[in-house]
>>> print(open('entry.txt').read())   # compact mmCIF, C-alpha atoms
# COMPACT_ATOMS: atom_id res chain seq x y z
CA MET A 72 190.25 66.74 174.48
CA ALA A 73 190.48 63.41 176.28
CA ASN A 74 186.76 63.69 176.94
CA MET A 75 186.07 64.19 173.25
CA LEU A 76 188.09 61.11 172.41
CA LYS A 77 186.07 59.12 174.91
CA LEU A 78 182.86 60.31 173.25
CA ILE A 79 184.07 58.78 170.01
CA LYS A 80 185.62 55.64 171.48
CA ASN A 81 182.89 54.54 173.88
CA PRO A 82 180.17 53.90 171.28
CA LEU A 83 182.61 51.75 169.32
CA SER A 84 182.56 49.06 171.96
CA LYS A 85 181.15 49.45 175.49
CA GLU A 86 178.22 51.64 174.42
CA ASN A 87 177.80 50.35 170.90
CA PRO A 88 174.39 51.40 169.56
CA ILE A 89 173.71 48.04 167.89
CA ALA A 90 175.56 45.47 169.97
CA VAL A 91 174.85 46.94 173.40
CA GLN A 92 171.94 49.37 173.11
CA VAL A 93 170.32 47.22 170.38
CA LEU A 94 169.09 50.24 168.41
CA GLY A 95 168.82 50.55 164.65
CA ILE A 96 168.58 46.79 164.03
CA CYS A 97 166.04 47.09 161.22
CA SER A 98 168.30 48.97 158.84
CA ALA A 99 171.29 46.89 159.90
CA LEU A 100 169.53 43.81 158.56
CA ALA A 101 168.18 45.42 155.45
CA VAL A 102 171.12 47.19 153.86
CA THR A 103 174.00 44.83 154.60
CA THR A 104 173.69 42.29 151.79
CA GLN A 105 176.67 44.05 150.20
CA LEU A 106 179.52 46.09 151.54
CA LYS A 107 178.95 49.23 149.47
CA PRO A 108 175.39 50.07 150.55
CA ALA A 109 176.40 49.24 154.13
CA VAL A 110 179.20 51.81 154.01
CA VAL A 111 177.05 54.45 152.35
CA MET A 112 174.26 53.86 154.86
CA SER A 113 176.76 54.14 157.73
CA LEU A 114 178.10 57.42 156.38
CA SER A 115 174.56 58.75 155.90
CA VAL A 116 173.57 57.86 159.45
CA MET A 117 176.81 59.36 160.80
CA VAL A 118 176.23 62.64 158.96
CA VAL A 119 172.60 62.77 160.08
CA VAL A 120 173.34 62.01 163.75
CA ALA A 121 176.31 64.38 163.99
CA LEU A 122 174.65 67.33 162.25
CA SER A 123 171.27 66.98 163.96
CA ASN A 124 173.09 66.65 167.26
CA VAL A 125 174.87 69.95 166.58
CA ILE A 126 171.68 71.75 165.50
CA VAL A 127 169.65 70.49 168.44
CA SER A 128 172.49 71.32 170.80
CA LEU A 129 172.69 74.88 169.44
CA LEU A 130 168.96 75.31 169.88
CA ARG A 131 168.76 73.42 173.17
CA ASN A 132 168.12 76.51 175.30
CA THR A 133 165.35 77.80 173.05
CA ILE A 134 163.41 74.58 172.42
CA PRO A 135 160.14 74.55 174.38
CA SER A 136 160.17 71.22 176.22
CA ARG A 137 156.52 70.53 175.42
CA ILE A 138 157.25 70.23 171.69
CA ARG A 139 160.87 69.11 171.81
CA ILE A 140 160.22 65.73 170.15
CA ILE A 141 158.47 67.43 167.24
CA VAL A 142 161.29 69.95 166.92
CA GLN A 143 163.83 67.11 166.88
CA LEU A 144 161.78 65.27 164.30
CA VAL A 145 161.65 68.28 161.99
CA ILE A 146 165.42 68.72 162.24
CA VAL A 147 166.14 65.03 161.68
CA SER A 148 163.75 64.83 158.72
CA MET A 149 165.35 67.87 157.16
CA MET A 150 168.82 66.33 157.46
CA VAL A 151 167.64 62.99 156.10
CA ILE A 152 165.94 64.54 153.09
CA LEU A 153 169.08 66.54 152.37
CA VAL A 154 171.21 63.38 152.54
CA ASP A 155 168.73 61.57 150.31
CA GLN A 156 168.84 64.35 147.73
CA PHE A 157 172.63 64.32 147.73
CA LEU A 158 172.76 60.56 147.29
CA LYS A 159 170.29 60.75 144.41
CA ALA A 160 172.44 63.38 142.75
CA PHE A 161 175.88 61.87 143.23
CA VAL A 162 175.65 58.11 143.94
CA TYR A 163 172.45 57.23 142.13
CA ASP A 164 172.95 53.46 141.98
CA VAL A 165 173.56 53.22 145.72
CA SER A 166 170.59 55.46 146.46
CA LYS A 167 168.40 53.08 144.43
CA GLN A 168 169.76 50.13 146.39
CA LEU A 169 169.15 51.83 149.74
CA SER A 170 165.71 52.93 148.51
CA VAL A 171 163.38 53.45 151.44
CA PHE A 172 166.02 52.92 154.09
CA VAL A 173 167.53 56.36 153.69
CA GLY A 174 164.11 57.83 154.41
CA LEU A 175 163.82 55.49 157.35
CA ILE A 176 166.89 56.99 159.02
CA ILE A 177 164.29 59.44 160.37
CA THR A 178 162.88 56.65 162.50
CA ASN A 179 166.27 55.14 163.33
CA CYS A 180 166.25 55.00 167.10
CA ILE A 181 169.93 55.90 167.29
CA VAL A 182 169.27 59.41 165.99
CA MET A 183 166.39 60.31 168.28
CA GLY A 184 168.06 58.47 171.14
CA ARG A 185 171.23 60.56 170.91
CA LEU A 186 169.26 63.82 170.58
CA GLU A 187 167.25 63.08 173.69
CA ALA A 188 170.04 61.58 175.74
CA PHE A 189 172.94 63.80 174.79
CA ALA A 190 172.43 66.81 172.52
CA LEU A 191 169.64 68.36 174.60
CA SER A 192 171.94 68.67 177.59
CA HIS A 193 175.40 69.23 176.10
CA LYS A 194 177.33 71.87 174.17
CA PRO A 195 177.57 71.68 170.35
CA LEU A 196 181.14 70.37 170.10
CA PRO A 197 180.75 67.37 172.44
CA SER A 198 177.39 66.70 170.74
CA PHE A 199 179.09 66.63 167.38
CA PHE A 200 181.66 64.10 168.60
CA ASP A 201 178.96 62.05 170.26
CA GLY A 202 177.14 61.90 166.91
CA ILE A 203 180.30 60.90 165.04
CA GLY A 204 181.08 58.27 167.70
CA ASN A 205 177.65 56.70 167.58
CA GLY A 206 177.67 56.84 163.79
CA LEU A 207 181.00 55.01 163.85
CA GLY A 208 179.69 52.44 166.32
CA TYR A 209 176.79 51.78 163.96
CA ALA A 210 179.19 51.71 161.01
CA VAL A 211 181.51 49.13 162.58
CA ILE A 212 178.70 46.60 162.92
CA LEU A 213 177.24 47.35 159.48
CA ILE A 214 180.63 46.97 157.82
CA ILE A 215 181.32 43.65 159.56
CA LEU A 216 177.89 42.43 158.47
CA GLY A 217 178.28 43.71 154.92
CA PHE A 218 181.75 42.19 154.66
CA VAL A 219 180.74 38.72 155.86
CA ARG A 220 177.45 38.65 153.99
CA GLU A 221 178.82 39.77 150.64
CA LEU A 222 181.93 37.56 150.87
CA PHE A 223 180.09 34.35 151.71
CA GLY A 224 176.77 35.16 150.04
CA GLN A 225 178.08 36.34 146.69
CA GLY A 226 181.79 35.60 146.72
CA SER A 227 182.64 39.25 146.16
CA LEU A 228 183.54 42.44 148.02
CA TRP A 229 182.50 45.95 146.95
CA GLY A 230 181.15 44.28 143.80
CA TYR A 231 184.47 42.70 142.79
CA LYS A 232 184.82 38.92 142.64
CA ILE A 233 187.08 37.72 145.46
CA MET A 234 186.52 33.98 145.67
CA PRO A 235 188.80 32.38 143.07
CA GLU A 236 187.24 30.23 140.32
CA SER A 237 189.24 27.23 141.54
CA PHE A 238 187.19 27.22 144.77
CA PHE A 239 183.98 26.90 142.79
CA ASP A 240 185.53 24.19 140.61
CA ALA A 241 186.42 22.30 143.77
CA GLY A 242 182.77 22.30 144.82
CA TYR A 243 182.51 25.52 146.87
CA VAL A 244 179.13 27.25 146.60
CA ASN A 245 177.92 30.67 147.70
CA ASN A 246 175.73 30.54 150.78
CA GLY A 247 172.31 31.78 149.69
CA LEU A 248 171.19 32.20 153.29
CA MET A 249 173.79 34.96 153.71
CA THR A 250 171.84 37.18 151.33
CA MET A 251 168.70 36.87 153.49
CA PRO A 252 167.90 39.31 156.34
CA ALA A 253 167.45 36.36 158.71
CA MET A 254 171.14 35.52 158.47
CA ALA A 255 172.01 39.13 159.30
CA LEU A 256 170.07 38.82 162.53
CA ILE A 257 171.94 35.61 163.37
CA LEU A 258 175.23 37.37 162.62
CA VAL A 259 174.25 40.30 164.86
CA GLY A 260 173.56 37.72 167.55
CA VAL A 261 176.99 36.18 167.04
CA ILE A 262 178.64 39.61 167.25
CA ILE A 263 176.81 40.36 170.51
CA TRP A 264 177.85 36.94 171.85
CA ILE A 265 181.53 37.48 171.04
CA HIS A 266 181.38 41.05 172.31
CA ARG A 267 179.89 40.05 175.65
CA SER A 268 182.17 37.09 176.17
CA ARG A 269 185.07 39.55 175.94
CA ASN A 270 183.41 42.22 178.11
CA GLU A 271 181.94 40.37 181.04
CA ASP A 272 180.72 43.53 182.74
CA LEU A 273 178.12 43.86 179.97
CA CYS A 274 176.45 40.56 180.82
CA GLU A 275 173.21 40.67 182.77
CA LYS A 276 173.40 38.63 185.95
CA MET B 117 163.09 86.36 176.43
CA ALA B 118 159.43 85.51 176.51
CA ASN B 119 158.32 82.58 178.60
CA LYS B 120 159.53 79.45 176.82
CA GLU B 121 156.49 77.40 177.69
CA SER B 122 153.84 79.94 176.68
CA ASN B 123 151.57 79.09 173.78
CA SER B 124 152.53 82.14 171.73
CA TYR B 125 156.22 81.28 172.03
CA ILE B 126 155.57 77.71 170.94
CA PHE B 127 153.55 78.90 167.94
CA MET B 128 156.23 81.35 166.87
CA TYR B 129 158.98 78.81 167.43
CA SER B 130 157.40 76.06 165.38
CA THR B 131 156.41 78.43 162.58
CA ILE B 132 159.93 79.80 162.19
CA LEU B 133 161.48 76.33 162.43
CA VAL B 134 159.25 74.89 159.74
CA VAL B 135 159.72 77.85 157.39
CA VAL B 136 163.51 77.67 157.74
CA ALA B 137 163.52 73.90 157.17
CA ALA B 138 161.30 74.30 154.11
CA ALA B 139 163.57 76.99 152.67
CA VAL B 140 166.69 74.86 153.13
CA LEU B 141 165.05 71.86 151.46
CA ALA B 142 163.69 73.93 148.59
CA VAL B 143 167.13 75.35 147.83
CA ALA B 144 168.69 71.88 147.95
CA ALA B 145 166.00 70.37 145.73
CA VAL B 146 166.34 73.07 143.08
CA GLY B 147 170.13 73.04 143.20
CA LEU B 148 170.49 69.28 142.88
CA LYS B 149 167.76 68.76 140.30
CA PRO B 150 170.02 68.87 137.19
CA PHE B 151 172.30 66.16 138.61
CA GLN B 152 169.37 63.95 139.56
CA LYS B 153 167.74 64.38 136.17
CA LYS B 154 170.95 63.41 134.43
CA ASN B 155 171.15 60.24 136.54
CA GLN B 156 167.59 59.32 135.65
CA GLU B 157 168.26 59.85 131.96
CA ILE B 158 171.33 57.64 132.10
CA GLU B 159 169.34 54.97 133.90
CA LYS B 160 166.68 55.09 131.21
CA MET B 161 169.34 54.77 128.53
CA GLN B 162 170.86 51.83 130.36
CA GLN B 163 167.50 50.10 130.57
CA LEU B 164 166.86 50.62 126.87
CA LEU B 165 170.32 49.29 126.01
CA THR B 166 169.98 46.28 128.28
CA SER B 167 166.61 45.32 126.87
CA ALA B 168 168.08 45.47 123.36
CA GLY B 169 170.77 43.06 124.56
CA ILE B 170 173.64 45.56 124.57
CA GLU B 171 175.99 45.36 127.54
CA ASN B 172 176.61 48.71 129.19
CA ASP B 173 177.57 50.45 132.39
CA VAL B 174 176.94 53.88 133.90
CA LYS B 175 179.99 55.37 132.22
CA ASN B 176 179.51 54.29 128.62
CA ALA B 177 175.71 54.28 128.51
CA GLU B 178 175.35 57.73 126.97
CA GLU B 179 177.89 57.03 124.24
CA LEU B 180 176.43 53.60 123.44
CA TYR B 181 172.92 54.97 123.39
CA LYS B 182 173.91 57.64 120.89
CA ASN B 183 175.53 55.08 118.61
CA CYS B 184 172.92 52.35 118.77
CA PHE B 185 169.61 54.13 119.09
CA VAL B 186 169.60 56.02 115.82
CA LYS B 187 165.97 57.03 115.86
CA GLU B 188 163.23 57.78 118.38
CA LEU B 189 159.61 57.88 117.29
CA ALA B 190 156.29 58.61 118.86
CA VAL B 191 153.11 57.21 117.34
CA ASN B 192 149.44 57.53 118.17
CA LYS B 193 146.84 54.78 118.38
CA LYS B 194 145.93 55.15 114.71
CA GLY B 195 149.49 54.29 113.77
CA GLU B 196 150.47 57.80 112.64
CA VAL B 197 153.93 59.08 113.48
CA VAL B 198 153.58 62.26 115.54
CA SER B 199 157.17 63.02 116.41
CA VAL B 200 160.63 61.95 115.30
CA TYR B 201 164.03 62.52 116.85
CA GLU B 202 166.92 61.51 114.63
CA ASN B 203 170.69 62.00 114.75
CA GLY B 204 170.45 64.31 117.72
CA GLN B 205 167.73 66.49 116.20
CA GLN B 206 164.00 66.81 116.48
CA THR B 207 162.73 66.46 112.90
CA GLU B 208 159.01 66.13 113.51
CA GLY B 209 156.64 67.03 116.32
CA GLU B 210 157.60 68.94 119.45
CA VAL B 211 158.37 66.57 122.29
CA ARG B 212 161.42 64.33 122.11
CA PRO B 213 160.08 60.75 122.38
CA PHE B 214 162.79 59.98 124.96
CA ASN B 215 161.18 62.48 127.33
CA ILE B 216 157.65 61.15 127.00
CA GLU B 217 156.35 59.78 130.26
CA LEU B 218 154.38 56.71 129.32
CA SER B 219 152.40 56.63 132.57
CA LYS B 220 150.94 60.05 131.78
CA GLU B 221 150.28 59.19 128.13
CA LEU B 222 148.32 56.07 129.03
CA ALA B 223 145.79 58.25 130.86
CA LYS B 224 145.25 60.53 127.88
CA GLY B 225 143.07 58.28 125.74
CA GLU B 226 142.97 59.19 122.05
CA GLN B 227 145.54 61.99 122.44
CA ALA B 228 148.20 59.65 123.75
CA GLN B 229 151.62 59.32 122.13
CA PHE B 230 153.61 56.14 122.41
CA PRO B 231 157.38 56.15 122.05
CA ILE B 232 159.37 53.65 120.01
CA PHE B 233 163.16 53.47 120.11
CA VAL B 234 164.84 52.15 116.99
CA CYS B 235 168.15 50.45 117.61
CA LYS B 236 170.48 49.53 114.76
CA GLN B 237 173.25 47.15 115.62
CA GLU B 238 175.34 44.85 113.46
CA GLY B 239 172.99 45.40 110.52
CA LYS B 240 169.95 44.35 112.52
CA THR B 241 167.09 46.64 113.50
CA ILE B 242 165.49 46.23 116.89
CA TYR B 243 162.42 48.16 118.03
CA VAL B 244 162.28 48.84 121.75
CA VAL B 245 158.94 49.89 123.24
CA PRO B 246 158.38 50.89 126.84
CA VAL B 247 155.56 49.40 128.90
CA HIS B 248 153.99 50.68 132.09
CA GLY B 249 151.39 49.17 134.37
CA LYS B 250 150.30 48.27 137.88
CA GLY B 251 151.84 45.61 140.08
CA LEU B 252 150.49 44.56 143.43
CA TYR B 253 151.43 47.68 145.39
CA ASP B 254 152.68 50.26 142.97
CA ALA B 255 153.82 50.94 139.44
CA ILE B 256 155.73 48.40 137.36
CA TRP B 257 157.36 49.21 134.05
CA GLY B 258 159.85 47.92 131.55
CA ASN B 259 160.95 47.70 127.96
CA ILE B 260 160.21 45.09 125.32
CA ALA B 261 162.66 44.79 122.44
CA ILE B 262 161.12 43.47 119.24
CA GLU B 263 162.92 41.89 116.27
CA GLU B 264 162.64 43.07 112.68
CA ASP B 265 159.66 40.80 112.02
CA LEU B 266 157.74 43.02 114.50
CA ASN B 267 156.48 39.99 116.35
CA THR B 268 159.34 38.17 118.03
CA VAL B 269 160.67 39.41 121.38
CA ALA B 270 164.39 40.15 121.23
CA GLY B 271 164.74 40.99 124.89
CA ALA B 272 162.91 42.42 127.85
CA LEU B 273 163.51 44.26 131.06
CA PHE B 274 161.25 44.99 133.99
CA ASP B 275 161.46 47.23 137.00
CA HIS B 276 159.12 48.13 139.83
CA LYS B 277 158.57 50.67 142.54
CA GLY B 278 157.33 48.74 145.54
CA GLU B 279 156.80 45.03 144.95
CA THR B 280 157.71 42.55 147.70
CA PRO B 281 161.43 41.69 147.73
CA GLY B 282 161.95 38.02 146.93
CA LEU B 283 158.46 37.67 145.44
CA GLY B 284 157.05 40.34 143.13
CA ALA B 285 160.39 42.13 142.99
CA GLU B 286 161.80 39.02 141.28
CA ILE B 287 160.56 40.42 137.96
CA THR B 288 163.80 42.41 137.95
CA ASN B 289 165.87 39.23 138.30
CA PRO B 290 167.41 38.72 134.81
CA ASN B 291 166.05 35.16 134.73
CA PHE B 292 162.47 36.40 134.47
CA PRO B 293 162.81 38.72 131.47
CA ALA B 294 165.17 36.18 129.84
CA GLN B 295 162.18 33.86 129.39
CA PHE B 296 160.60 36.36 127.02
CA LYS B 297 163.35 36.09 124.43
CA GLY B 298 162.10 34.40 121.25
CA LYS B 299 158.42 34.46 122.23
CA GLN B 300 155.77 35.76 119.81
CA ILE B 301 153.70 38.82 120.71
CA PHE B 302 150.79 39.26 118.32
CA GLU B 303 148.25 36.89 116.80
CA ASN B 304 145.55 38.31 114.54
CA ASP B 305 146.45 41.84 115.70
CA GLU B 306 145.92 40.99 119.34
CA VAL B 307 148.52 40.75 122.07
CA LYS B 308 148.80 37.11 123.05
CA LEU B 309 152.08 37.36 124.92
CA ALA B 310 151.31 36.69 128.57
CA VAL B 311 152.61 35.42 131.88
CA VAL B 312 150.85 32.26 133.04
CA LYS B 313 150.80 30.05 136.10
CA GLY B 314 151.03 26.33 135.75
CA LYS B 315 150.80 24.56 132.42
CA LYS B 316 151.28 26.60 129.31
CA THR B 317 148.59 26.29 126.66
CA ALA B 318 150.47 28.14 123.93
CA GLU B 319 154.22 27.65 124.28
CA ASN B 320 155.08 30.37 121.76
CA PHE B 321 153.20 33.11 123.56
CA GLN B 322 153.55 32.29 127.24
CA VAL B 323 156.17 32.54 129.96
CA ASP B 324 156.17 31.22 133.52
CA ALA B 325 154.84 33.47 136.26
CA VAL B 326 156.93 34.36 139.30
CA THR B 327 156.34 31.90 142.12
CA GLY B 328 154.34 33.40 144.98
CA ALA B 329 153.64 36.61 143.08
CA THR B 330 150.36 36.03 141.29
CA ASN B 331 149.23 39.64 141.40
CA THR B 332 152.51 41.04 140.15
CA SER B 333 152.58 38.42 137.39
CA ASN B 334 149.04 39.28 136.34
CA GLY B 335 150.12 42.92 136.43
CA VAL B 336 152.88 42.13 133.95
CA SER B 337 150.40 40.36 131.65
CA ASN B 338 147.95 43.26 131.76
CA MET B 339 150.74 45.75 131.22
CA LEU B 340 151.95 43.90 128.12
CA LYS B 341 148.41 43.71 126.77
CA ASP B 342 147.53 47.35 127.44
CA CYS B 343 150.76 48.83 126.18
CA LEU B 344 151.77 46.64 123.26
CA SER B 345 148.28 46.78 121.72
CA ASN B 346 148.81 50.51 121.11
CA TYR B 347 151.48 49.72 118.57
CA VAL B 348 149.46 47.28 116.43
CA GLU B 349 148.37 49.89 113.89
CA TYR B 350 151.81 51.39 113.54
CA PHE B 351 153.46 48.02 113.04
CA LYS B 352 150.89 47.30 110.30
CA THR B 353 152.00 50.39 108.41
CA LEU B 354 155.64 49.36 108.84
CA LYS B 355 154.93 45.91 107.40
CA THR B 356 153.17 47.24 104.30
CA GLU B 357 155.95 49.68 103.50
>>> encode(input="entry.txt", output="structure tokens")
Amino acid sequence: MANMLKLIKNPLSKENPIAVQVLGICSALAVTTQLKPAVVMSLSVMVVVALSNVIVSLLRNTIPSRIRIIVQLVIVSMMVILVDQFLKAFVYDVSKQLSVFVGLIITNCIVMGRLEAFALSHKPLPSFFDGIGNGLGYAVILIILGFVRELFGQGSLWGYKIMPESFFDAGYVNNGLMTMPAMALILVGVIIWIHRSRNEDLCEK
Amino acid sequence: MANKESNSYIFMYSTILVVVAAAVLAVAAVGLKPFQKKNQEIEKMQQLLTSAGIENDVKNAEELYKNCFVKELAVNKKGEVVSVYENGQQTEGEVRPFNIELSKELAKGEQAQFPIFVCKQEGKTIYVVPVHGKGLYDAIWGNIAIEEDLNTVAGALFDHKGETPGLGAEITNPNFPAQFKGKQIFENDEVKLAVVKGKKTAENFQVDAVTGATNTSNGVSNMLKDCLSNYVEYFKTLKTE
């Protein structure tokens, strides 16, 4: 059980898919203007990674190695389309906001990376936890980004106004740059900087 | 078990995998269709309400739509009414105007039917007509709400499928459609309402284009021209009544 816990905890910090492995940056910049799409995207990625990890792990002894990438791709695409259909049916407004990015989970390096690196050589249960862990690691960064960007870019959180009117009366203005993808990249950089300054073993010599 | 790396095994394996995946997706698509369709209908209602200037949200859209949009019509190019849906009932024609897909109708030529949504609110009648056209990359569409005089724009709304965020996609920013309010549409039975770059030559008929999105802006102009002109004959009959 301790091993399982490690599978979930490691990707949160020391093996974080975004901050350390620098995977899945594209979607992290695109869907984090607000907190809500960031959370939904995180959940979608988590579900996709965990379930495709389990499926690939179950099939790992039958998959011919010559076509394993194609097999993985078919499984990932199937999961992503399922998630997309569910979002369209039950959280339509969010699915419109995420638009193409749900489809692009297929190409999210985190998913294929975990399948290749972990699921192909491990049992289903550890693979499942590995998927959840990496999904969470991705989620942590997305939620931080979504939180900061929505708060300072639009003065709200989850769509509700947070900044009091008196701030605006006193001359406070929303930072338009926060709503741009460029600022998200800068924020990711800041997160990596803070993360590495606290974990010196991660720094390249 | 047969040799995992043999060609026949690989063929069998991929065939079975793909068939299973296809079956799962087909079941999901069929099962979730009713929910998705409902969402799309509510979105359409919301867009119609918003263009008529009625505030709404996902929850009350259906109720508001029922109360405000008392009549749906479909007319042909000659100005004849081909179908009517009133008070929750189809009274003329077969297809409910709400379900008409304008993009398909536009390709039909003389057979085409064009929907009009009649909104009655606070004693005023507003006619909302949908428009559909091409942007730079993909489809653009929207609604134009027209006042009782059948010439003044009461409100507008635009949406798009794949325009560039920050440029062409700005047509969905409320500031862009807001410019249309109060503009005139027709002059001598021709659509004069247009989006222009630079200096306006006819203040009453023109709105400012979106900066950096010339093709999308031209798309909006063409869309207005192509779609609104189909209603000229019908509006004539309304005026003479």
>>> residues_around(input="entry.txt", residues="region 334-342 of chain B", least_positions_apart="6", cutoff="9 Å", atoms="only C-alpha atoms", output="ChimeraX atom specification")
/B:222,247-252,256-257,260,274,287,306-312,325
>>> residues_around(input="entry.txt", residues="Val116 (chain A)", least_positions_apart="2", cutoff="8 Å", atoms="only C-alpha atoms", output="list in words")
Met112, Ser113, Leu114, Val118, Val119, Val120, Ile176, Val182 and Gly206 of chain A
>>> residues_around(input="entry.txt", residues="region 137-147 of chain A", least_positions_apart="4", cutoff="10 Å", atoms="only C-alpha atoms", output="PyMOL selection string")
(chain A and resi 119-120+122-124+126-127+130-131+133+151-153+176-178+182-183+186-187+191) or (chain B and resi 120-122+126+129-130+133-134+137-138)
>>> closest_atom_pairs(input="entry.txt", of="chain B", to="chain A", cutoff="12 Å", atoms="all atoms listed in the file", output="tab-separated table")
residue	atom	partner	partner_atom	distance
B:Met117	CA	A:Thr133	CA	9.5
B:Ala118	CA	A:Thr133	CA	10.3
B:Asn119	CA	A:Pro135	CA	9.3
B:Lys120	CA	A:Pro135	CA	5.5
B:Glu121	CA	A:Pro135	CA	5.7
B:Ser122	CA	A:Pro135	CA	8.6
B:Asn123	CA	A:Pro135	CA	9.7
B:Ser124	CA	A:Pro135	CA	11.1
B:Tyr125	CA	A:Pro135	CA	8.1
B:Ile126	CA	A:Pro135	CA	6.5
B:Phe127	CA	A:Ile138	CA	10.1
B:Met128	CA	A:Pro135	CA	10.9
B:Tyr129	CA	A:Ile134	CA	7.9
B:Ser130	CA	A:Val142	CA	7.4
B:Thr131	CA	A:Val142	CA	10.7
B:Ile132	CA	A:Val142	CA	11.0
B:Leu133	CA	A:Val142	CA	7.8
B:Val134	CA	A:Val145	CA	7.4
B:Val135	CA	A:Val145	CA	10.8
B:Val136	CA	A:Met149	CA	10.0
B:Ala137	CA	A:Met149	CA	6.3
B:Ala138	CA	A:Met149	CA	8.2
B:Ala139	CA	A:Met149	CA	10.3
B:Val140	CA	A:Met149	CA	8.2
B:Leu141	CA	A:Leu153	CA	6.7
B:Ala142	CA	A:Leu153	CA	9.9
B:Val143	CA	A:Leu153	CA	10.1
B:Ala144	CA	A:Leu153	CA	6.9
B:Ala145	CA	A:Gln156	CA	7.0
B:Val146	CA	A:Gln156	CA	10.2
B:Gly147	CA	A:Gln156	CA	9.9
B:Leu148	CA	A:Ala160	CA	6.2
B:Lys149	CA	A:Ala160	CA	7.5
B:Pro150	CA	A:Ala160	CA	8.2
B:Phe151	CA	A:Ala160	CA	5.0
B:Gln152	CA	A:Ala160	CA	4.5
B:Lys153	CA	A:Ala160	CA	8.1
B:Lys154	CA	A:Ala160	CA	8.5
B:Asn155	CA	A:Tyr163	CA	6.5
B:Gln156	CA	A:Tyr163	CA	8.4
B:Glu157	CA	A:Tyr163	CA	11.3
B:Ile158	CA	A:Tyr163	CA	10.1
B:Glu159	CA	A:Asp164	CA	9.0
B:Gln162	CA	A:Asp164	CA	11.9
B:Asp173	CA	A:Asp164	CA	11.1
B:Val174	CA	A:Asp164	CA	9.0
B:Asp275	CA	A:Lys167	CA	11.7
B:His276	CA	A:Lys167	CA	11.5
B:Lys277	CA	A:Ser170	CA	9.6
B:Gly278	CA	A:Val171	CA	9.7
B:Pro281	CA	A:Met251	CA	10.5
B:Gly282	CA	A:Met251	CA	9.5
>>> residues_around(input="entry.txt", residues="Cys235 (chain B)", least_positions_apart="6", cutoff="8 Å", atoms="all atoms listed in the file", output="compact mmCIF listing (two decimals) with C-alpha atoms, keeping the file's coordinate frame")
# COMPACT_ATOMS: atom_id res chain seq x y z
CA ALA B 168 168.08 45.47 123.36
CA CYS B 184 172.92 52.35 118.77
CA PHE B 185 169.61 54.13 119.09
CA VAL B 186 169.60 56.02 115.82
CA LYS B 187 165.97 57.03 115.86
CA THR B 241 167.09 46.64 113.50
CA ILE B 242 165.49 46.23 116.89
CA TYR B 243 162.42 48.16 118.03
CA VAL B 244 162.28 48.84 121.75
>>> atom_distance(input="entry.txt", atom1="CA of Val348 (chain B)", atom2="CA of Gln229 (chain B)")
13.5 Å
>>> closest_residue(input="entry.txt", among="A:Pro108, A:Pro235, A:Gly224, A:Pro195", to="Ala255 (chain A)", atoms="only C-alpha atoms")
A:Gly224
>>> closest_residue(input="entry.txt", among="A:Ala73, A:Val165, A:Met249, A:Ile263", to="Lys85 (chain A)", atoms="all atoms listed in the file")
A:Ile263
>>> residues_around(input="entry.txt", residues="Thr104 (chain A)", least_positions_apart="3", cutoff="6 Å", atoms="all atoms listed in the file", output="ChimeraX atom specification")
/A:217,220-221,250
>>> residues_near_point(input="entry.txt", point="(169.4, 41.4, 163.1)", cutoff="7 Å", atoms="all atoms listed in the file", output="VMD selection string")
chain A and resid 96 to 97 99 to 100 253 255 to 257 259
>>> atom_distance(input="entry.txt", atom1="CA of Ser227 (chain A)", atom2="CA of Val211 (chain A)")
19.2 Å
>>> atom_distance(input="entry.txt", atom1="CA of Gly271 (chain B)", atom2="CA of Lys297 (chain B)")
5.1 Å
>>> decode(input="entry.txt", residues="region 199-213 of chain A", atoms="C-alpha atoms", output="compact mmCIF listing (two decimals), in the first residue's frame")
# COMPACT_ATOMS: atom_id res chain seq x y z
CA PHE A 199 -4.33 3.02 -12.13
CA PHE A 200 -2.70 4.83 -9.20
CA ASP A 201 0.09 6.07 -11.43
CA GLY A 202 -2.53 7.56 -13.74
CA ILE A 203 -4.41 9.20 -10.87
CA GLY A 204 -1.13 10.54 -9.46
CA ASN A 205 0.01 12.06 -12.72
CA GLY A 206 -3.47 13.44 -13.33
CA LEU A 207 -3.30 15.07 -9.91
CA GLY A 208 0.17 16.44 -10.59
CA TYR A 209 -1.17 18.02 -13.77
CA ALA A 210 -4.24 19.24 -11.89
CA VAL A 211 -2.24 20.97 -9.15
CA ILE A 212 -0.43 23.16 -11.66
CA LEU A 213 -3.56 23.86 -13.71
